[in-house]
$ cat run_6.txt   # compact mmCIF, C-alpha atoms and all ligand atoms
# COMPACT_ATOMS: atom_id res chain seq x y z
CA MET A 1 -65.67 -52.59 3.30
CA PRO A 2 -63.31 -55.28 1.96
CA ASN A 3 -64.77 -57.09 -1.05
CA ALA A 4 -65.42 -60.81 -1.18
CA THR A 5 -62.38 -61.43 -3.35
CA ALA A 6 -60.05 -59.77 -0.85
CA LEU A 7 -61.65 -61.67 2.02
CA LEU A 8 -61.31 -64.97 0.18
CA ARG A 9 -57.69 -64.20 -0.69
CA ASP A 10 -56.90 -63.28 2.93
CA HIS A 11 -58.62 -66.38 4.21
CA LEU A 12 -56.66 -68.61 1.84
CA LEU A 13 -53.38 -66.84 2.62
CA LEU A 14 -54.02 -67.35 6.32
CA ARG A 15 -54.64 -71.06 5.84
CA GLN A 16 -51.65 -71.40 3.53
CA SER A 17 -49.36 -69.65 5.98
CA LYS A 18 -50.50 -72.10 8.66
CA GLY A 19 -49.14 -74.89 6.50
CA GLU A 20 -52.13 -75.95 4.43
CA SER A 21 -51.37 -76.37 0.75
CA HIS A 22 -54.82 -77.53 -0.39
CA VAL A 23 -58.41 -76.68 0.44
CA LEU A 24 -61.58 -78.49 -0.46
CA LEU A 25 -63.86 -76.32 -2.57
CA ARG A 26 -67.37 -76.76 -3.83
CA PRO A 27 -67.30 -76.94 -7.66
CA SER A 28 -69.01 -73.51 -7.93
CA VAL A 29 -66.39 -71.89 -5.67
CA LEU A 30 -63.63 -73.68 -7.54
CA GLN A 31 -64.88 -72.13 -10.77
CA LYS A 32 -64.84 -68.65 -9.22
CA ALA A 33 -61.34 -69.20 -7.81
CA THR A 34 -60.13 -70.36 -11.21
CA ARG A 35 -61.53 -67.20 -12.81
CA LEU A 36 -59.73 -65.14 -10.15
CA LYS A 37 -56.43 -66.89 -10.77
CA ASN A 38 -56.81 -66.36 -14.50
CA ARG A 39 -57.33 -62.64 -13.85
CA GLY A 40 -53.88 -62.58 -12.24
CA SER A 41 -54.92 -62.39 -8.61
CA HIS A 42 -53.07 -65.60 -7.83
CA LEU A 43 -51.86 -67.06 -4.60
CA PRO A 44 -48.16 -67.73 -4.12
CA GLU A 45 -47.15 -71.26 -5.01
CA PRO A 46 -47.42 -73.65 -2.06
CA MET A 47 -44.15 -74.40 -0.27
CA THR A 48 -44.81 -78.10 0.06
CA GLU A 49 -45.02 -80.99 -2.38
CA SER A 50 -48.51 -81.53 -3.80
CA PRO A 51 -50.39 -84.42 -2.31
CA ALA A 52 -52.86 -86.52 -4.31
CA PRO A 53 -55.31 -84.59 -6.54
CA LEU A 54 -58.34 -83.11 -4.85
CA PRO A 55 -61.67 -84.82 -5.01
CA THR A 56 -64.35 -82.66 -6.61
CA THR A 57 -66.80 -83.19 -3.77
CA PRO A 58 -65.86 -83.25 -0.10
CA SER A 59 -66.10 -86.58 1.70
CA ALA A 60 -68.57 -86.85 4.59
CA GLU A 61 -65.62 -86.50 6.98
CA ALA A 62 -64.28 -83.39 5.22
CA ARG A 63 -67.76 -81.87 5.13
CA GLN A 64 -68.03 -82.36 8.86
CA ILE A 65 -64.74 -80.45 9.38
CA LEU A 66 -65.70 -77.69 6.94
CA GLU A 67 -69.11 -77.19 8.48
CA HIS A 68 -67.92 -77.48 12.09
CA PRO A 69 -64.35 -76.21 12.17
CA PRO A 70 -62.51 -76.81 15.47
CA ALA A 71 -62.87 -73.85 17.85
CA SER A 72 -59.13 -73.55 18.40
CA SER A 73 -56.85 -74.03 15.43
CA LYS A 74 -53.36 -74.95 16.55
CA PRO A 75 -50.70 -73.96 14.02
CA HIS A 76 -49.76 -76.74 11.61
CA VAL A 77 -46.10 -77.54 11.24
CA CYS A 78 -44.80 -75.53 8.31
CA ILE A 79 -41.05 -75.63 8.02
CA LEU A 80 -39.49 -73.60 5.24
CA PRO A 81 -36.58 -75.00 3.23
CA THR A 82 -33.27 -73.36 4.13
CA ASN A 83 -29.74 -73.37 2.73
CA GLY A 84 -26.51 -73.85 4.62
CA ASN A 85 -24.92 -76.26 7.02
CA THR A 86 -24.63 -74.24 10.23
CA ASN A 87 -27.51 -72.70 12.14
CA ALA A 88 -26.12 -69.24 11.33
CA GLU A 89 -26.18 -70.04 7.60
CA LYS A 90 -29.67 -71.48 7.78
CA ILE A 91 -30.97 -68.42 9.63
CA ALA A 92 -29.25 -66.17 7.09
CA SER A 93 -31.09 -67.96 4.29
CA LEU A 94 -34.39 -67.50 6.16
CA VAL A 95 -33.64 -63.78 6.55
CA ALA A 96 -33.13 -63.52 2.79
CA MET A 97 -36.45 -65.28 2.22
CA ALA A 98 -38.26 -63.00 4.68
CA GLU A 99 -37.04 -59.89 2.84
CA THR A 100 -39.21 -60.78 -0.13
CA TRP A 101 -42.00 -62.66 1.65
CA GLU A 102 -44.95 -61.88 -0.60
CA VAL A 103 -47.55 -63.49 1.66
CA ALA A 104 -46.90 -60.86 4.33
CA ARG A 105 -46.31 -57.98 1.94
CA GLN A 106 -49.52 -58.63 0.00
CA LEU A 107 -51.53 -57.90 3.14
CA GLY A 108 -50.68 -54.23 2.74
CA SER A 109 -50.96 -53.68 6.50
CA LEU A 110 -47.32 -54.28 7.44
CA ARG A 111 -44.49 -51.85 6.89
CA GLU A 112 -41.68 -52.28 4.42
CA THR A 113 -38.67 -52.90 6.67
CA MET A 114 -38.15 -56.50 7.71
CA VAL A 115 -36.68 -57.07 11.18
CA PHE A 116 -35.74 -60.67 11.80
CA SER A 117 -33.82 -61.76 14.89
CA ALA A 118 -30.79 -61.12 17.08
CA GLY A 119 -28.43 -63.18 19.16
CA ASP A 120 -26.93 -66.64 19.01
CA PRO A 121 -28.50 -69.06 16.48
CA ASN A 122 -27.13 -71.92 18.61
CA ALA A 123 -28.68 -70.67 21.85
CA ARG A 124 -30.61 -73.01 24.14
CA LEU A 125 -32.96 -70.19 25.07
CA MET A 126 -35.13 -68.44 22.48
CA LEU A 127 -37.34 -65.47 23.31
CA ILE A 128 -40.24 -64.45 21.10
CA GLY A 129 -41.88 -61.03 21.21
CA GLU A 130 -44.68 -59.61 19.10
CA ALA A 131 -43.35 -57.35 16.34
CA PRO A 132 -40.72 -54.67 15.78
CA GLY A 133 -41.55 -51.16 16.92
CA ALA A 134 -40.20 -47.80 15.79
CA GLU A 135 -36.71 -48.20 17.24
CA GLU A 136 -36.39 -51.82 16.11
CA GLU A 137 -37.31 -50.74 12.60
CA ARG A 138 -34.67 -47.98 12.67
CA GLN A 139 -31.95 -50.35 13.90
CA ARG A 140 -33.31 -53.45 12.14
CA GLU A 141 -32.92 -55.44 15.32
CA PRO A 142 -35.61 -56.82 17.68
CA PHE A 143 -35.97 -55.45 21.20
CA VAL A 144 -33.67 -52.44 21.08
CA GLY A 145 -36.22 -49.81 22.19
CA PRO A 146 -37.49 -49.25 25.75
CA ALA A 147 -39.03 -52.76 25.97
CA GLY A 148 -35.77 -54.14 24.68
CA GLN A 149 -33.85 -52.39 27.44
CA LYS A 150 -36.17 -53.95 29.98
CA LEU A 151 -35.62 -57.36 28.39
CA THR A 152 -31.85 -56.86 28.52
CA GLU A 153 -32.20 -56.08 32.26
CA ILE A 154 -34.18 -59.29 32.83
CA LEU A 155 -31.55 -61.32 30.99
CA LYS A 156 -28.79 -59.66 33.01
CA ALA A 157 -30.58 -60.57 36.22
CA MET A 158 -30.56 -64.16 34.95
CA GLY A 159 -26.81 -63.89 34.37
CA LEU A 160 -27.20 -63.79 30.58
CA GLU A 161 -26.08 -61.40 27.85
CA ARG A 162 -28.27 -60.73 24.82
CA SER A 163 -25.57 -62.37 22.70
CA GLN A 164 -26.06 -65.67 24.57
CA VAL A 165 -29.74 -66.04 23.70
CA TYR A 166 -31.75 -65.88 20.48
CA ILE A 167 -34.33 -63.08 20.28
CA SER A 168 -37.09 -63.04 17.69
CA ASN A 169 -40.60 -61.81 17.03
CA ILE A 170 -43.79 -63.56 15.98
CA CYS A 171 -44.22 -60.92 13.23
CA LYS A 172 -41.21 -59.78 11.22
CA PHE A 173 -42.61 -56.42 10.09
CA ARG A 174 -43.84 -53.43 12.06
CA PRO A 175 -47.63 -53.30 11.82
CA ALA A 176 -48.70 -50.10 10.09
CA ILE A 177 -51.03 -47.47 11.55
CA GLU A 178 -52.31 -44.25 10.02
CA ASN A 179 -50.19 -41.24 11.05
CA GLN A 180 -47.75 -43.74 12.52
CA GLY A 181 -45.01 -41.56 13.99
CA ASN A 182 -43.54 -43.58 16.85
CA SER A 183 -46.81 -45.40 17.55
CA ASN A 184 -46.89 -49.16 17.40
CA ARG A 185 -49.63 -51.73 17.42
CA ALA A 186 -49.75 -55.48 17.97
CA PRO A 187 -49.95 -57.62 14.83
CA ASN A 188 -53.35 -59.15 14.09
CA ASP A 189 -53.96 -62.88 13.58
CA LEU A 190 -53.52 -62.73 9.83
CA GLU A 191 -50.30 -60.71 10.08
CA MET A 192 -48.90 -63.19 12.59
CA ALA A 193 -49.99 -66.16 10.53
CA THR A 194 -48.12 -64.90 7.48
CA CYS A 195 -44.87 -64.84 9.50
CA LEU A 196 -45.47 -68.00 11.50
CA PRO A 197 -43.60 -70.27 9.02
CA PHE A 198 -40.46 -68.25 9.82
CA VAL A 199 -40.89 -68.60 13.57
CA MET A 200 -41.56 -72.31 13.25
CA THR A 201 -38.52 -72.76 11.04
CA GLU A 202 -36.38 -70.77 13.49
CA ILE A 203 -37.49 -73.12 16.27
CA ASP A 204 -36.81 -76.10 14.04
CA ILE A 205 -33.29 -74.85 13.25
CA LEU A 206 -32.31 -73.89 16.79
CA ARG A 207 -34.16 -76.68 18.57
CA PRO A 208 -33.89 -74.55 21.73
CA GLN A 209 -34.38 -76.18 25.07
CA ILE A 210 -36.86 -73.46 26.02
CA VAL A 211 -38.87 -70.82 24.19
CA VAL A 212 -40.09 -67.87 26.23
CA ALA A 213 -43.20 -66.28 24.72
CA LEU A 214 -43.20 -62.64 25.77
CA GLY A 215 -46.79 -61.51 26.14
CA ALA A 216 -50.21 -62.51 24.88
CA THR A 217 -49.53 -61.83 21.21
CA ALA A 218 -46.55 -64.17 21.02
CA SER A 219 -48.33 -66.91 22.97
CA LYS A 220 -51.44 -66.58 20.82
CA GLY A 221 -49.27 -66.73 17.70
CA LEU A 222 -47.89 -70.03 18.97
CA GLY A 223 -51.43 -71.31 19.36
CA LEU A 224 -51.60 -71.08 23.16
CA GLU A 225 -55.09 -69.98 24.14
CA GLY A 226 -55.66 -67.80 27.18
CA SER A 227 -54.40 -64.72 28.95
CA VAL A 228 -50.78 -64.41 30.08
CA GLY A 229 -52.06 -64.56 33.65
CA SER A 230 -53.62 -67.96 33.01
CA LEU A 231 -50.73 -69.38 30.95
CA ARG A 232 -47.67 -68.17 32.85
CA GLY A 233 -45.91 -70.03 35.65
CA ARG A 234 -45.65 -73.43 33.96
CA PHE A 235 -44.23 -74.97 30.81
CA HIS A 236 -46.37 -75.66 27.75
CA ASP A 237 -45.60 -77.79 24.76
CA PHE A 238 -45.23 -76.28 21.30
CA GLN A 239 -44.55 -79.02 18.77
CA GLY A 240 -42.17 -80.73 21.18
CA THR A 241 -40.50 -77.58 22.54
CA ALA A 242 -41.04 -76.34 26.10
CA VAL A 243 -42.62 -72.89 26.15
CA MET A 244 -42.81 -70.55 29.13
CA VAL A 245 -45.28 -67.70 28.72
CA THR A 246 -44.60 -64.55 30.69
CA TYR A 247 -45.53 -60.87 30.64
CA HIS A 248 -44.14 -58.70 27.85
CA PRO A 249 -41.47 -56.20 28.97
CA SER A 250 -43.75 -53.37 27.74
CA TYR A 251 -46.33 -54.53 30.27
CA LEU A 252 -43.69 -54.25 33.01
CA LEU A 253 -42.92 -50.70 31.85
CA ARG A 254 -46.61 -49.77 31.94
CA GLU A 255 -47.08 -51.34 35.35
CA GLU A 256 -43.96 -49.57 36.67
CA LYS A 257 -45.49 -46.23 35.66
CA MET A 258 -48.87 -47.03 37.15
CA ASN A 259 -48.02 -48.67 40.46
CA GLY A 260 -44.32 -49.44 40.66
CA GLY A 261 -44.87 -52.76 38.87
CA MET A 262 -43.57 -54.89 41.75
CA GLU A 263 -46.17 -57.65 41.43
CA ALA A 264 -45.72 -58.03 37.66
CA LYS A 265 -41.91 -58.02 38.04
CA ARG A 266 -42.11 -60.67 40.73
CA GLN A 267 -44.25 -62.88 38.50
CA VAL A 268 -41.87 -62.51 35.55
CA TRP A 269 -38.96 -63.28 37.83
CA GLU A 270 -40.67 -66.44 39.11
CA ASP A 271 -41.13 -67.54 35.50
CA MET A 272 -37.49 -66.81 34.72
CA LEU A 273 -36.32 -68.77 37.76
CA GLN A 274 -38.16 -71.79 36.35
CA VAL A 275 -36.47 -71.19 32.99
CA MET A 276 -33.06 -70.96 34.66
CA GLU A 277 -33.71 -74.13 36.61
CA ARG A 278 -34.67 -76.08 33.52
CA LEU A 279 -31.66 -74.74 31.62
CA GLY A 280 -29.43 -75.79 34.53
CA LEU A 281 -28.14 -72.23 34.99
CA PRO A 282 -26.60 -71.43 38.36
CA ILE A 283 -29.05 -69.68 40.69
CA SER A 284 -27.61 -67.84 43.67
CA GLN A 285 -29.50 -67.40 46.93
CA LYS A 286 -29.65 -63.70 46.14
CA GLN A 287 -31.32 -64.41 42.79
CA ARG A 288 -33.72 -66.88 44.39
CA ASN A 289 -34.74 -64.40 47.05
CA PHE A 290 -34.67 -61.35 44.84
CA PHE A 291 -38.30 -60.40 45.16
CA LYS A 292 -38.69 -61.92 48.58
CA LEU A 293 -36.10 -59.39 49.84
CA THR A 294 -37.49 -56.38 48.01
CA ARG A 295 -41.18 -56.94 48.76
N1 LIG B 1 -41.73 -55.36 21.33
C1 LIG B 1 -41.67 -56.59 20.76
O1 LIG B 1 -42.51 -57.43 21.02
N2 LIG B 1 -40.69 -56.85 19.92
C2 LIG B 1 -39.74 -55.97 19.62
O2 LIG B 1 -38.86 -56.29 18.85
C3 LIG B 1 -39.83 -54.71 20.23
C4 LIG B 1 -40.83 -54.42 21.08

$ encode --input "run_6.txt" --output "structure tokens"
Amino acid sequence: MPNATALLRDHLLLRQSKGESHVLLRPSVLQKATRLKNRGSHLPEPMTESPAPLPTTPSAEARQILEHPPASSKPHVCILPTNGNTNAEKIASLVAMAETWEVARQLGSLRETMVFSAGDPNARLMLIGEAPGAEEERQREPFVGPAGQKLTEILKAMGLERSQVYISNICKFRPAIENQGNSNRAPNDLEMATCLPFVMTEIDILRPQIVVALGATASKGLGLEGSVGSLRGRFHDFQGTAVMVTYHPSYLLREEKMNGGMEAKRQVWEDMLQVMERLGLPISQKQRNFFKLTR
């Protein structure tokens, strides 16, 4: 059973990683938190400038929010400071920051190796998956295992090479499991939240025309509520960027094994046709009719 201190720490880390730098505390809780900090169990310094000092008692408005938090909490904008002039330099400085990202490492549930991104940091199309798996960890590159091969196939069908797009993950570390071997698991909310500032900063640097969220984990990490089935097929807005949600390539692999996967593939292809249209990529009649011909 996690103790109250660990739960409080995790809760605060989650809120901090979503961009909050201050919380309102009752005086009694504040005293406890101060004792904790003095014992050395401190939170990392906030990334943003400090606003005005906190009041000691919450205002009526703040109390309302604390007592009735909104059911869905959209991620707050949290852009990390980067160095460099070009997108490649800025991403490189983010990678260096991620290597020693204490907020994620302190969770103790993510593995050591950091896997950041691949592809062109000037791309107009950015794809976001969930987290590195065994093969990605070995090669330190996202989407290079079986799901990655499926993704490469999808891109090829769109007339794109991996090097022409930017590929990233909502969580930069492989989530740990007991007796891990080659097994993988999806990152949980807290694990995603600790990496979200990176993803948001990547989007801010690239300013891609379209983000494709691959699967339910990535879309949830971006604050889109609902199943892939209910979200796919249309564009959503994520802080001013168009997001298309579609099925994760691993889902296509599972469906292929179970029933040939034709329906899932057709749906992904329909989503990708919309992406191609919006990007102004050429679409041949063959591409347009791809699943109409093979059904
Ligand atoms: N699945 C993902 O979501 N990301 C990877 O990098 C690999 C597999």

$ closest_atom_pairs --input "run_6.txt" --of "chain A" --to "ligand LIG 1 (chain B)" --cutoff "9 Å" --atoms "only C-alpha atoms and all ligand atoms" --output "Markdown table"
| residue | atom | partner | partner_atom | distance |
| --- | --- | --- | --- | --- |
| A:Val115 | CA | B:LIG1 | O2 | 8.0 |
| A:Phe116 | CA | B:LIG1 | O2 | 8.9 |
| A:Ser117 | CA | B:LIG1 | O2 | 8.4 |
| A:Ile128 | CA | B:LIG1 | O1 | 7.4 |
| A:Gly129 | CA | B:LIG1 | O1 | 3.7 |
| A:Glu130 | CA | B:LIG1 | O1 | 3.6 |
| A:Ala131 | CA | B:LIG1 | N2 | 4.5 |
| A:Pro132 | CA | B:LIG1 | O2 | 3.9 |
| A:Gly133 | CA | B:LIG1 | C3 | 5.1 |
| A:Ala134 | CA | B:LIG1 | C3 | 8.2 |
| A:Glu135 | CA | B:LIG1 | C3 | 7.8 |
| A:Glu136 | CA | B:LIG1 | O2 | 5.8 |
| A:Glu137 | CA | B:LIG1 | O2 | 8.5 |
| A:Glu141 | CA | B:LIG1 | O2 | 7.0 |
| A:Pro142 | CA | B:LIG1 | O2 | 3.5 |
| A:Phe143 | CA | B:LIG1 | O2 | 3.8 |
| A:Val144 | CA | B:LIG1 | C3 | 6.6 |
| A:Gly145 | CA | B:LIG1 | C3 | 6.4 |
| A:Pro146 | CA | B:LIG1 | C4 | 7.7 |
| A:Ala147 | CA | B:LIG1 | C4 | 5.5 |
| A:Gly148 | CA | B:LIG1 | C3 | 6.1 |
| A:Ile167 | CA | B:LIG1 | O2 | 8.3 |
| A:Ser168 | CA | B:LIG1 | O2 | 7.1 |
| A:Asn169 | CA | B:LIG1 | N2 | 5.7 |
| A:Ile170 | CA | B:LIG1 | O1 | 8.0 |
| A:Cys171 | CA | B:LIG1 | N2 | 8.6 |
| A:Lys172 | CA | B:LIG1 | O2 | 8.7 |
| A:Arg174 | CA | B:LIG1 | O2 | 8.9 |
| A:Asn184 | CA | B:LIG1 | C4 | 8.8 |
| A:Ala186 | CA | B:LIG1 | O1 | 8.1 |
| A:Leu214 | CA | B:LIG1 | O1 | 7.1 |
| A:Gly215 | CA | B:LIG1 | O1 | 7.8 |
| A:Thr217 | CA | B:LIG1 | O1 | 8.3 |
| A:Ala218 | CA | B:LIG1 | O1 | 7.9 |
| A:His248 | CA | B:LIG1 | O1 | 7.1 |
| A:Pro249 | CA | B:LIG1 | N1 | 7.7 |
| A:Ser250 | CA | B:LIG1 | N1 | 7.0 |

$ residues_around --input "run_6.txt" --residues "Leu279 of chain A" --least-positions-apart "3" --cutoff "8 Å" --atoms "all atoms listed in the file" --output "CSV table (one decimal) with C-alpha atoms, keeping the file's coordinate frame"
chain,number,residue,atom,x,y,z
A,124,ARG,CA,-30.6,-73.0,24.1
A,209,GLN,CA,-34.4,-76.2,25.1
A,210,ILE,CA,-36.9,-73.5,26.0
A,275,VAL,CA,-36.5,-71.2,33.0
A,276,MET,CA,-33.1,-71.0,34.7

$ closest_residue --input "run_6.txt" --among "A:Leu127, A:Leu231, A:Ile154, A:Arg185" --to "Arg266 of chain A" --atoms "only C-alpha atoms"
A:Ile154

$ atom_distance --input "run_6.txt" --atom1 "atom CA of Thr246 of chain A" --atom2 "atom CA of Gly229 of chain A"
8.0 Å

$ atom_distance --input "run_6.txt" --atom1 "atom CA of Phe198 of chain A" --atom2 "atom CA of Tyr166 of chain A"
14.0 Å

$ closest_residue --input "run_6.txt" --among "A:Leu80, A:Val268, A:Leu107, A:Leu224" --to "Ile205 of chain A" --atoms "all atoms listed in the file"
A:Leu80

$ residues_around --input "run_6.txt" --residues "Ala123 of chain A" --least-positions-apart "3" --cutoff "8 Å" --atoms "only C-alpha atoms" --output "list in words"
Gly119, Asp120, Met126, Gln164, Val165, Tyr166, Leu206 and Pro208 of chain A

$ residues_around --input "run_6.txt" --residues "Lys156 of chain A" --least-positions-apart "6" --cutoff "12 Å" --atoms "only C-alpha atoms" --output "list in words"
Gln149, Lys150, Arg162, Ser163, Gln164, Val165, Trp269, Met272 and Gln287 of chain A

$ closest_residue --input "run_6.txt" --among "A:Lys90, A:Lys292, A:Arg278, A:Lys257" --to "Leu125 of chain A" --atoms "all atoms listed in the file"
A:Arg278
